[in-house]
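Participant: Below you'll find structure28.tsv; it's TSV, C-alpha atoms.
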```tsv
chain	number	residue	atom	x	y	z
A	1	MET	CA	138.28	56.01	178.82
A	2	LYS	CA	136.01	58.21	180.90
A	3	PHE	CA	132.90	60.20	179.99
A	4	CYS	CA	131.12	63.08	181.69
A	5	THR	CA	128.00	61.94	183.51
A	6	ASN	CA	126.37	65.34	182.89
A	7	CYS	CA	126.93	66.05	179.19
A	8	GLY	CA	128.39	62.75	177.94
A	9	LYS	CA	131.58	64.23	176.51
A	10	GLN	CA	134.81	62.21	176.61
A	11	LEU	CA	137.20	63.13	179.44
A	12	ASN	CA	140.92	62.83	179.92
A	13	ASP	CA	142.04	60.04	182.20
A	14	ASP	CA	143.35	62.44	184.89
A	15	ALA	CA	140.56	65.05	184.57
A	16	LYS	CA	138.67	66.07	187.70
A	17	PHE	CA	136.23	68.42	185.95
A	18	CYS	CA	134.54	68.28	182.54
A	19	ASP	CA	136.11	70.71	180.08
A	20	THR	CA	132.73	71.24	178.39
A	21	CYS	CA	130.16	71.67	181.15
A	22	GLY	CA	132.45	71.99	184.24
A	23	ALA	CA	130.76	69.18	186.14
A	24	PRO	CA	133.00	67.35	188.65
A	25	VAL	CA	134.19	63.93	187.63
A	26	SER	CA	133.13	61.22	190.06
A	27	GLY	CA	134.45	57.77	189.35
A	28	THR	CA	135.14	55.99	186.10
A	29	GLN	CA	132.47	56.01	183.41
A	30	THR	CA	132.06	53.65	180.51
A	31	PRO	CA	130.13	54.40	177.36
A	32	PRO	CA	126.61	53.01	177.09
A	33	PRO	CA	126.22	49.88	175.03
A	34	ILE	CA	125.26	50.35	171.38
A	35	PRO	CA	121.86	48.82	170.61
A	36	GLY	CA	122.17	45.82	168.36
A	37	ALA	CA	125.94	45.76	168.57
A	38	ASN	CA	125.97	42.07	169.38
A	39	GLU	CA	123.27	41.18	166.88
A	40	ASN	CA	124.13	39.32	163.70
A	41	VAL	CA	124.66	41.58	160.68
A	42	ALA	CA	122.44	40.82	157.68
A	43	ASP	CA	124.08	38.99	154.82
A	44	ASP	CA	124.72	41.49	151.98
A	45	THR	CA	124.98	38.68	149.48
A	46	LYS	CA	121.25	38.00	149.71
A	47	ARG	CA	119.00	39.49	146.94
A	48	LYS	CA	116.85	42.39	148.11
A	49	GLU	CA	113.54	43.58	146.60
A	50	VAL	CA	113.55	47.32	146.07
A	51	PHE	CA	110.52	49.40	144.94
A	52	VAL	CA	111.40	52.43	142.84
A	53	GLY	CA	109.01	55.22	141.79
A	54	VAL	CA	105.57	56.38	142.86
A	55	LYS	CA	102.27	54.72	142.12
A	56	ARG	CA	99.66	57.30	141.13
A	57	LYS	CA	95.96	57.07	141.85
A	58	CYS	CA	93.00	59.14	140.68
A	59	PRO	CA	91.96	61.62	143.40
A	60	VAL	CA	88.30	61.20	142.39
A	61	CYS	CA	87.78	57.44	142.21
A	62	GLY	CA	91.04	56.04	143.56
A	63	GLU	CA	91.80	53.98	140.45
A	64	GLU	CA	95.45	53.39	139.62
A	65	VAL	CA	96.61	55.70	136.84
A	66	PRO	CA	99.35	54.76	134.34
A	67	ALA	CA	102.40	56.95	134.49
A	68	PHE	CA	101.79	58.59	131.10
A	69	ALA	CA	98.00	58.90	131.20
A	70	LEU	CA	96.13	62.22	131.33
A	71	THR	CA	92.89	60.58	132.49
A	72	CYS	CA	92.14	57.72	134.83
A	73	PRO	CA	90.57	54.45	133.55
A	74	LYS	CA	87.12	55.82	134.47
A	75	GLY	CA	87.65	58.98	132.42
A	76	HIS	CA	88.36	61.50	135.17
A	77	GLU	CA	90.69	64.21	133.92
A	78	LEU	CA	93.88	64.58	135.93
A	79	SER	CA	95.10	68.11	136.63
A	80	GLY	CA	98.32	69.39	138.06
A	81	ILE	CA	100.49	66.87	136.22
A	82	ASN	CA	103.99	68.17	135.78
A	83	VAL	CA	105.56	68.04	132.35
A	84	SER	CA	108.42	65.57	132.21
A	85	LYS	CA	111.94	66.83	131.68
A	86	THR	CA	112.20	65.09	128.30
A	87	SER	CA	109.00	66.69	127.04
A	88	LYS	CA	110.08	70.08	128.36
A	89	ASP	CA	113.46	69.88	126.61
A	90	PHE	CA	111.74	68.77	123.41
A	91	GLN	CA	109.30	71.70	123.54
A	92	GLU	CA	112.11	74.18	124.10
A	93	GLY	CA	114.00	72.78	121.12
A	94	LEU	CA	110.96	73.11	118.84
A	95	ILE	CA	110.59	76.75	119.88
A	96	LYS	CA	114.28	77.44	119.36
A	97	TYR	CA	114.81	75.83	115.94
A	98	GLU	CA	113.09	76.18	112.58
A	99	GLY	CA	113.26	74.50	109.20
A	100	LYS	CA	116.18	72.13	108.68
A	101	GLU	CA	117.57	72.79	112.15
A	102	GLU	CA	114.25	71.73	113.65
A	103	ARG	CA	114.19	68.53	111.58
A	104	ASP	CA	117.75	67.71	112.62
A	105	PHE	CA	116.84	68.38	116.24
A	106	VAL	CA	113.83	66.05	116.07
A	107	ALA	CA	115.83	63.30	114.36
A	108	SER	CA	118.69	63.44	116.88
A	109	PHE	CA	116.60	63.88	120.04
A	110	PRO	CA	117.15	60.87	122.33
A	111	ILE	CA	114.19	58.68	123.25
A	112	PRO	CA	113.93	58.18	127.03
A	113	ASN	CA	113.94	54.75	128.67
A	114	GLU	CA	111.89	55.49	131.80
A	115	ARG	CA	108.27	54.47	131.60
A	116	GLU	CA	106.74	57.85	132.46
A	117	GLU	CA	109.18	59.83	130.32
A	118	LEU	CA	108.66	57.51	127.36
A	119	GLY	CA	104.86	57.65	127.65
A	120	ASN	CA	104.74	61.44	127.83
A	121	PHE	CA	107.21	61.79	124.97
A	122	MET	CA	105.16	59.44	122.81
A	123	LEU	CA	102.00	61.45	123.48
A	124	MET	CA	103.72	64.72	122.61
A	125	VAL	CA	105.24	63.52	119.33
A	126	ALA	CA	102.02	61.78	118.26
A	127	SER	CA	99.92	64.88	119.05
A	128	ILE	CA	102.21	67.17	117.07
A	129	LEU	CA	102.27	64.74	114.14
A	130	LYS	CA	98.47	64.43	114.11
A	131	GLN	CA	97.97	68.19	114.27
A	132	ASP	CA	100.47	68.82	111.46
A	133	MET	CA	98.76	66.27	109.23
A	134	GLN	CA	95.33	67.79	109.90
A	135	ASN	CA	96.63	71.28	109.08
A	136	GLY	CA	98.48	70.13	105.96
A	137	ALA	CA	101.90	71.14	107.29
A	138	ASP	CA	105.14	70.97	105.34
A	139	GLN	CA	105.84	67.47	104.09
A	140	MET	CA	109.42	67.42	105.37
A	141	ARG	CA	108.31	68.44	108.87
A	142	VAL	CA	105.63	65.73	108.91
A	143	SER	CA	108.18	63.20	107.67
A	144	SER	CA	110.61	64.06	110.49
A	145	PHE	CA	107.95	63.67	113.20
A	146	SER	CA	106.64	60.50	111.55
A	147	SER	CA	110.12	58.97	111.67
A	148	LYS	CA	110.49	59.92	115.33
A	149	PHE	CA	107.09	58.40	116.15
A	150	ASP	CA	108.14	55.18	114.40
A	151	GLU	CA	111.26	55.06	116.59
A	152	ILE	CA	109.21	55.58	119.75
A	153	LYS	CA	106.66	53.00	118.60
A	154	SER	CA	109.36	50.39	117.99
A	155	LYS	CA	110.84	51.00	121.42
A	156	VAL	CA	107.45	50.76	123.14
A	157	TYR	CA	106.60	47.51	121.35
A	158	MET	CA	109.97	46.09	122.31
A	159	MET	CA	109.89	47.12	125.99
A	160	PHE	CA	106.27	46.49	126.99
A	161	LYS	CA	103.75	43.71	126.67
A	162	LYS	CA	100.61	43.95	124.59
A	163	ASP	CA	98.34	44.35	127.63
A	164	ASP	CA	100.40	47.24	128.97
A	165	PRO	CA	98.62	50.64	128.89
A	166	ILE	CA	101.53	52.30	127.08
A	167	PHE	CA	101.46	49.59	124.41
A	168	GLU	CA	97.71	49.97	123.94
A	169	GLU	CA	97.87	53.77	123.85
A	170	THR	CA	100.63	53.67	121.25
A	171	LYS	CA	98.53	51.31	119.14
A	172	LYS	CA	95.60	53.74	119.26
A	173	TRP	CA	97.75	56.65	118.16
A	174	GLU	CA	99.28	54.59	115.38
A	175	ALA	CA	95.82	53.71	114.03
A	176	SER	CA	94.68	57.34	114.25
A	177	ILE	CA	97.76	58.60	112.41
A	178	ASN	CA	97.40	55.97	109.68
A	179	GLU	CA	93.80	57.09	109.08
A	180	LEU	CA	94.90	60.69	108.70
A	181	TYR	CA	97.75	59.85	106.35
A	182	ASP	CA	95.51	59.18	103.31
A	183	ASN	CA	93.76	62.53	103.71
A	184	TYR	CA	97.10	64.27	104.25
A	185	LYS	CA	98.44	62.64	101.09
A	186	LYS	CA	95.53	64.10	99.10
A	187	ILE	CA	96.23	67.55	100.53
A	188	ILE	CA	99.88	67.29	99.52
A	189	GLU	CA	98.96	66.15	95.99
A	190	GLU	CA	96.49	69.02	95.55
A	191	ARG	CA	99.09	71.45	96.82
A	192	ALA	CA	101.64	70.04	94.38
A	193	ILE	CA	99.20	70.54	91.49
A	194	ILE	CA	98.59	74.15	92.54
A	195	ASN	CA	102.32	74.77	92.85
A	196	ARG	CA	102.93	73.34	89.38
A	197	LYS	CA	100.25	75.63	87.94
A	198	LYS	CA	101.81	78.61	89.69
A	199	GLN	CA	105.21	77.61	88.41
A	200	LYS	CA	103.94	77.34	84.82
A	201	GLU	CA	102.22	80.71	85.12
A	202	GLN	CA	105.41	82.26	86.43
A	203	GLU	CA	107.41	80.70	83.60
A	204	ARG	CA	104.90	82.11	81.10
A	205	LYS	CA	105.26	85.57	82.63
A	206	ASN	CA	109.03	85.25	82.54
A	207	ARG	CA	108.96	84.32	78.84
A	208	LYS	CA	106.64	87.23	78.11
A	209	TRP	CA	108.93	89.58	79.96
A	210	GLU	CA	111.94	88.16	78.12
A	211	ARG	CA	110.28	88.79	74.75
A	212	LYS	CA	109.38	92.30	75.81
A	213	ARG	CA	112.90	92.99	76.99
A	214	ASN	CA	114.34	91.82	73.68
A	215	SER	CA	111.83	93.75	71.56
A	216	PHE	CA	112.79	96.70	69.36
A	217	TRP	CA	110.51	99.16	71.14
A	218	TYR	CA	111.87	98.29	74.60
A	219	ASN	CA	115.46	98.82	73.49
A	220	ALA	CA	114.82	101.88	71.29
A	221	SER	CA	115.94	105.31	72.43
A	222	ASN	CA	113.50	108.08	73.31
A	223	GLN	CA	114.35	109.97	70.10
A	224	THR	CA	113.55	106.91	68.00
A	225	LYS	CA	110.26	106.40	69.80
A	226	ALA	CA	109.34	110.07	69.29
A	227	ALA	CA	110.09	109.83	65.57
A	228	ILE	CA	107.98	106.69	65.19
A	229	ILE	CA	105.06	108.28	67.02
A	230	SER	CA	105.28	111.39	64.83
A	231	VAL	CA	105.22	109.36	61.62
A	232	PHE	CA	102.34	107.27	62.87
A	233	PHE	CA	100.35	110.40	63.75
A	234	LEU	CA	101.09	112.06	60.43
A	235	PHE	CA	100.09	109.13	58.23
A	236	PHE	CA	97.35	107.50	60.27
A	237	ILE	CA	95.93	109.64	63.05
A	238	PHE	CA	95.79	112.97	61.23
A	239	PRO	CA	94.01	111.60	58.11
A	240	GLY	CA	91.58	109.87	60.39
A	241	LEU	CA	90.82	113.14	62.15
A	242	LEU	CA	90.21	114.86	58.83
A	243	CYS	CA	87.87	112.11	57.74
A	244	SER	CA	85.99	112.31	61.00
A	245	MET	CA	85.48	116.02	60.37
A	246	PHE	CA	84.30	115.97	56.73
A	247	ILE	CA	82.65	112.60	56.23
A	248	PRO	CA	79.72	113.34	58.60
A	249	LYS	CA	79.06	116.59	56.68
A	250	TYR	CA	79.00	114.73	53.39
A	251	ILE	CA	76.71	112.01	54.72
A	252	LYS	CA	74.26	114.41	56.32
A	253	THR	CA	74.15	116.61	53.22
A	254	LYS	CA	73.45	113.61	51.05
A	255	ASN	CA	70.71	112.35	53.38
A	256	GLU	CA	69.05	115.76	53.45
A	257	THR	CA	69.13	116.01	49.66
A	258	ARG	CA	67.62	112.54	49.32
A	259	ARG	CA	64.84	113.44	51.77
A	260	LEU	CA	63.89	116.57	49.86
A	261	GLU	CA	64.00	114.77	46.51
A	262	ASN	CA	61.65	112.09	47.81
A	263	LEU	CA	59.37	114.77	49.20
A	264	TYR	CA	59.42	116.60	45.86
A	265	THR	CA	58.38	113.41	44.07
A	266	GLU	CA	55.62	112.81	46.61
A	267	VAL	CA	54.18	116.33	46.22
A	268	THR	CA	54.31	116.06	42.44
A	269	THR	CA	52.43	112.78	42.57
A	270	LEU	CA	49.76	114.30	44.84
A	271	ILE	CA	49.32	117.20	42.43
A	272	GLU	CA	48.92	114.83	39.51
A	273	ASN	CA	46.29	112.97	41.51
A	274	LYS	CA	44.56	116.31	42.20
A	275	ASN	CA	44.99	115.90	45.95
A	276	TYR	CA	45.94	119.49	46.50
A	277	GLU	CA	45.33	119.68	50.24
A	278	ALA	CA	47.68	116.77	50.97
A	279	ALA	CA	50.19	118.25	48.56
A	280	GLU	CA	50.16	121.55	50.45
A	281	LEU	CA	50.66	119.76	53.79
A	282	ALA	CA	53.60	117.77	52.44
A	283	LEU	CA	55.01	120.88	50.82
A	284	GLN	CA	55.39	122.55	54.22
A	285	ASN	CA	58.20	120.08	55.08
A	286	MET	CA	60.19	120.92	51.97
A	287	VAL	CA	62.75	123.07	53.77
A	288	TRP	CA	66.51	122.49	53.97
A	289	SER	CA	67.01	121.63	57.67
A	290	TYR	CA	70.71	120.69	57.86
A	291	ASP	CA	72.74	123.72	58.93
A	292	LEU	CA	75.95	124.06	56.92
A	293	SER	CA	76.77	127.55	58.10
A	294	GLY	CA	79.57	126.26	60.29
A	295	TRP	CA	81.26	124.75	57.24
A	296	ASP	CA	80.45	126.77	54.19
A	297	LYS	CA	77.97	129.63	54.37
A	298	ASP	CA	77.66	129.94	50.59
A	299	GLU	CA	76.88	126.24	50.23
A	300	TYR	CA	74.29	126.47	52.98
A	301	ARG	CA	72.72	129.54	51.36
A	302	ASN	CA	72.64	127.90	47.92
A	303	ALA	CA	71.05	124.72	49.27
A	304	ARG	CA	68.33	126.62	51.08
A	305	GLY	CA	67.71	128.81	48.04
A	306	LEU	CA	67.52	125.82	45.68
A	307	TRP	CA	64.87	124.00	47.64
A	308	ALA	CA	63.03	127.17	48.50
A	309	GLY	CA	62.72	127.80	44.75
A	310	LYS	CA	61.44	124.28	44.11
A	311	LYS	CA	58.95	124.67	46.93
A	312	LYS	CA	57.69	127.93	45.43
A	313	GLU	CA	57.47	126.29	42.03
A	314	LEU	CA	55.29	123.50	43.38
A	315	GLN	CA	53.16	125.95	45.35
A	316	ASN	CA	52.50	127.95	42.17
A	317	LEU	CA	51.56	124.74	40.38
A	318	ILE	CA	49.09	123.87	43.12
A	319	ASP	CA	47.56	127.35	43.06
A	320	GLU	CA	47.25	127.22	39.27
A	321	ARG	CA	45.53	123.85	39.31
A	322	GLN	CA	43.16	124.92	42.06
A	323	SER	CA	42.20	128.11	40.20
A	324	LYS	CA	41.47	126.15	37.02
A	325	LYS	CA	39.35	123.75	39.03
A	326	LYS	CA	37.30	126.61	40.47
A	327	SER	CA	36.83	128.31	37.09
A	328	LYS	CA	35.31	125.16	35.68
```
Would you kindly transcribe this structure into structure tokens?

Facilitator:
Amino acid sequence: MKFCTNCGKQLNDDAKFCDTCGAPVSGTQTPPPIPGANENVADDTKRKEVFVGVKRKCPVCGEEVPAFALTCPKGHELSGINVSKTSKDFQEGLIKYEGKEERDFVASFPIPNEREELGNFMLMVASILKQDMQNGADQMRVSSFSSKFDEIKSKVYMMFKKDDPIFEETKKWEASINELYDNYKKIIEERAIINRKKQKEQERKNRKWERKRNSFWYNASNQTKAAIISVFFLFFIFPGLLCSMFIPKYIKTKNETRRLENLYTEVTTLIENKNYEAAELALQNMVWSYDLSGWDKDEYRNARGLWAGKKKELQNLIDERQSKKKSK
């Protein structure tokens, strides 16, 4: 087998020129030896040590950072960390589903086995659970995330040792969630009490509405209602209106008469006591002051005339007594 000395392509045995580059063929060529062709091949049955994954270090201090951590051991915040595929799929599912579908999605979502995926997934579920408990979220939603966190926690405790960062971080989140649970339980109990009160109030309103709907007035026709209103007005409202018109007149007339009678007695007493000046002053007020002209003009005229006559009578008595006093 011959090869071209110019381009290295294989040549036919009887070729005088290279078909590729056109260089003339001079003598027989043999392929160059393959490096390591005669060396012993490594035994594939031997166990090999293979390193998988990437070890991360803090760009600030150079400390090694656990796969799931958001800060380095010295507290430097790590930025630019990509969200794992598991966490991304979980977030998309939470956005897509609501209510029972969301709870079913959370319950059936597979827990990853890789260290980094598992750590990030644990942080996400624990954060959502903690936030829901602080905000007093729906009890069924909290229960679904709590069950998922328990599954993750069991897997972490089974896969990693106690001194592993993921194990320690899971322990911290478990303690934090347990502290919040008592407060969340109180919120749920208070909410249940409020809901029971609202339910009782709604039941009371429903019973009231049921009684109203079954009442005679609610089921009566418009003609029946009109007849009832007419009868009520005729026997109750109209007499009341009449009383409101005439009773005040009667009361005021009686009060005015009583006032003038008392004044008449007072003037008479003053005359008997020979206090004529005081009697004349009191006599000036003996005038009928209540106007009855809007009701009965004759009655008003008679009342004024009656007390005007009595006033004149008393005035004559005063004048007579005073003249007798002067003559003496």

Participant: As an exercise, work out the distance from CA of Val287 in chain A to CA of Ser323 in chain A in Å and give it to one decimal place.

Facilitator: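 It comes out at 25.1 Å.
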
Participant: Can you pull out the residues contacting range 111-122 of chain A? Cut-off 10 Å, using all atoms listed in the file, and skip same-chain residues under 2 positions away; I want them as number ranges by chain.

Facilitator: A: 53, 66-70, 83-88, 90, 108-109, 124-127, 148-153, 155-156, 159-160, 165-167, 169-170, 173

Participant: Output C-alpha atoms for every residue in the selection just made, as an mmCIF file, in the frame of the given file.

Facilitator:
```
data_model
loop_
_atom_site.group_PDB
_atom_site.id
_atom_site.type_symbol
_atom_site.label_atom_id
_atom_site.label_comp_id
_atom_site.auth_asym_id
_atom_site.auth_seq_id
_atom_site.Cartn_x
_atom_site.Cartn_y
_atom_site.Cartn_z
ATOM 1 C CA GLY A 53 109.010 55.220 141.790
ATOM 2 C CA PRO A 66 99.350 54.760 134.340
ATOM 3 C CA ALA A 67 102.400 56.950 134.490
ATOM 4 C CA PHE A 68 101.790 58.590 131.100
ATOM 5 C CA ALA A 69 98.000 58.900 131.200
ATOM 6 C CA LEU A 70 96.130 62.220 131.330
ATOM 7 C CA VAL A 83 105.560 68.040 132.350
ATOM 8 C CA SER A 84 108.420 65.570 132.210
ATOM 9 C CA LYS A 85 111.940 66.830 131.680
ATOM 10 C CA THR A 86 112.200 65.090 128.300
ATOM 11 C CA SER A 87 109.000 66.690 127.040
ATOM 12 C CA LYS A 88 110.080 70.080 128.360
ATOM 13 C CA PHE A 90 111.740 68.770 123.410
ATOM 14 C CA SER A 108 118.690 63.440 116.880
ATOM 15 C CA PHE A 109 116.600 63.880 120.040
ATOM 16 C CA MET A 124 103.720 64.720 122.610
ATOM 17 C CA VAL A 125 105.240 63.520 119.330
ATOM 18 C CA ALA A 126 102.020 61.780 118.260
ATOM 19 C CA SER A 127 99.920 64.880 119.050
ATOM 20 C CA LYS A 148 110.490 59.920 115.330
ATOM 21 C CA PHE A 149 107.090 58.400 116.150
ATOM 22 C CA ASP A 150 108.140 55.180 114.400
ATOM 23 C CA GLU A 151 111.260 55.060 116.590
ATOM 24 C CA ILE A 152 109.210 55.580 119.750
ATOM 25 C CA LYS A 153 106.660 53.000 118.600
ATOM 26 C CA LYS A 155 110.840 51.000 121.420
ATOM 27 C CA VAL A 156 107.450 50.760 123.140
ATOM 28 C CA MET A 159 109.890 47.120 125.990
ATOM 29 C CA PHE A 160 106.270 46.490 126.990
ATOM 30 C CA PRO A 165 98.620 50.640 128.890
ATOM 31 C CA ILE A 166 101.530 52.300 127.080
ATOM 32 C CA PHE A 167 101.460 49.590 124.410
ATOM 33 C CA GLU A 169 97.870 53.770 123.850
ATOM 34 C CA THR A 170 100.630 53.670 121.250
ATOM 35 C CA TRP A 173 97.750 56.650 118.160
#
```

Participant: Of the candidates A:Lys205, A:Arg304, A:Ile229, A:Leu281, which shows the shortest atom-to-atom distance to Trp217 in chain A, using all atoms listed in the file?

Facilitator: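 Among the listed residues, the smallest separation from Trp217 in chain A belongs to A:Ile229.
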
Participant: Put a box with edges along x, y and z around all the listed atoms of range 172-187 of chain A, pad it by 5 Å on each side, then give me its centre and sizes in Å, one decimal, as JSON.

Facilitator:
```
{"center_x": 96.5, "center_y": 60.6, "center_z": 109.2, "size_x": 15.5, "size_y": 23.8, "size_z": 30.2}
```

Participant: So how far away is CA of Gly305 in chain A from CA of Asn273 in chain A, in Å?

Facilitator: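 Calculated distance between CA of Asn273 in chain A and CA of Gly305 in chain A is 27.4 Å.
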
Participant: If we count all atoms listed in the file and set the cut-off at 8 Å, which residues sit around range 174-181 of chain A, ignoring sequence neighbours fewer than 3 positions away in its own chain? Please answer as a VMD selection string.

Facilitator: chain A and resid 126 129 to 130 133 to 134 170 to 171 184 to 185

Participant: Do a neighbour search on Val142 in chain A at 8 Å with all atoms listed in the file, toss out local chain neighbours closer than 3 positions, and write the hits as number ranges by chain.

Facilitator: A: 129, 132-133, 137-139, 145-146

Participant: Please indicate the distance in Å from CA of Gly240 in chain A to CA of Asp298 in chain A, rounded to one decimal place.

Facilitator: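 Between CA of Gly240 in chain A and CA of Asp298 in chain A the gap is 26.3 Å.
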
Participant: Excluding Ala282 in chain A and any residue of its chain fewer than 5 positions from it, enumerate the residues within 10 Å of it, using only C-alpha atoms, and give them as a list in words.

Facilitator: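 Once the adjacent positions are removed, what remains is Leu263, Tyr264, Glu266, Val267, Leu270, Tyr276 and Glu277 of chain A.
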
Participant: Of the candidates A:Ala303, A:Lys2, A:Lys198, A:Pro110, which one gets nearest to Lys254 in chain A if we count only C-alpha atoms?

Facilitator: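 Comparing A:Ala303, A:Lys2, A:Lys198, A:Pro110 against Lys254 in chain A, the winner is A:Ala303.
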
Participant: Mind checking which residues fall within 10 Å of range 16-23 of chain A, counting all atoms listed in the file, ignoring those fewer than 6 positions away in the same chain, and posting them as JSON, numbers by chain?

Facilitator: {"A": [3, 4, 5, 6, 7, 8, 9, 10]}
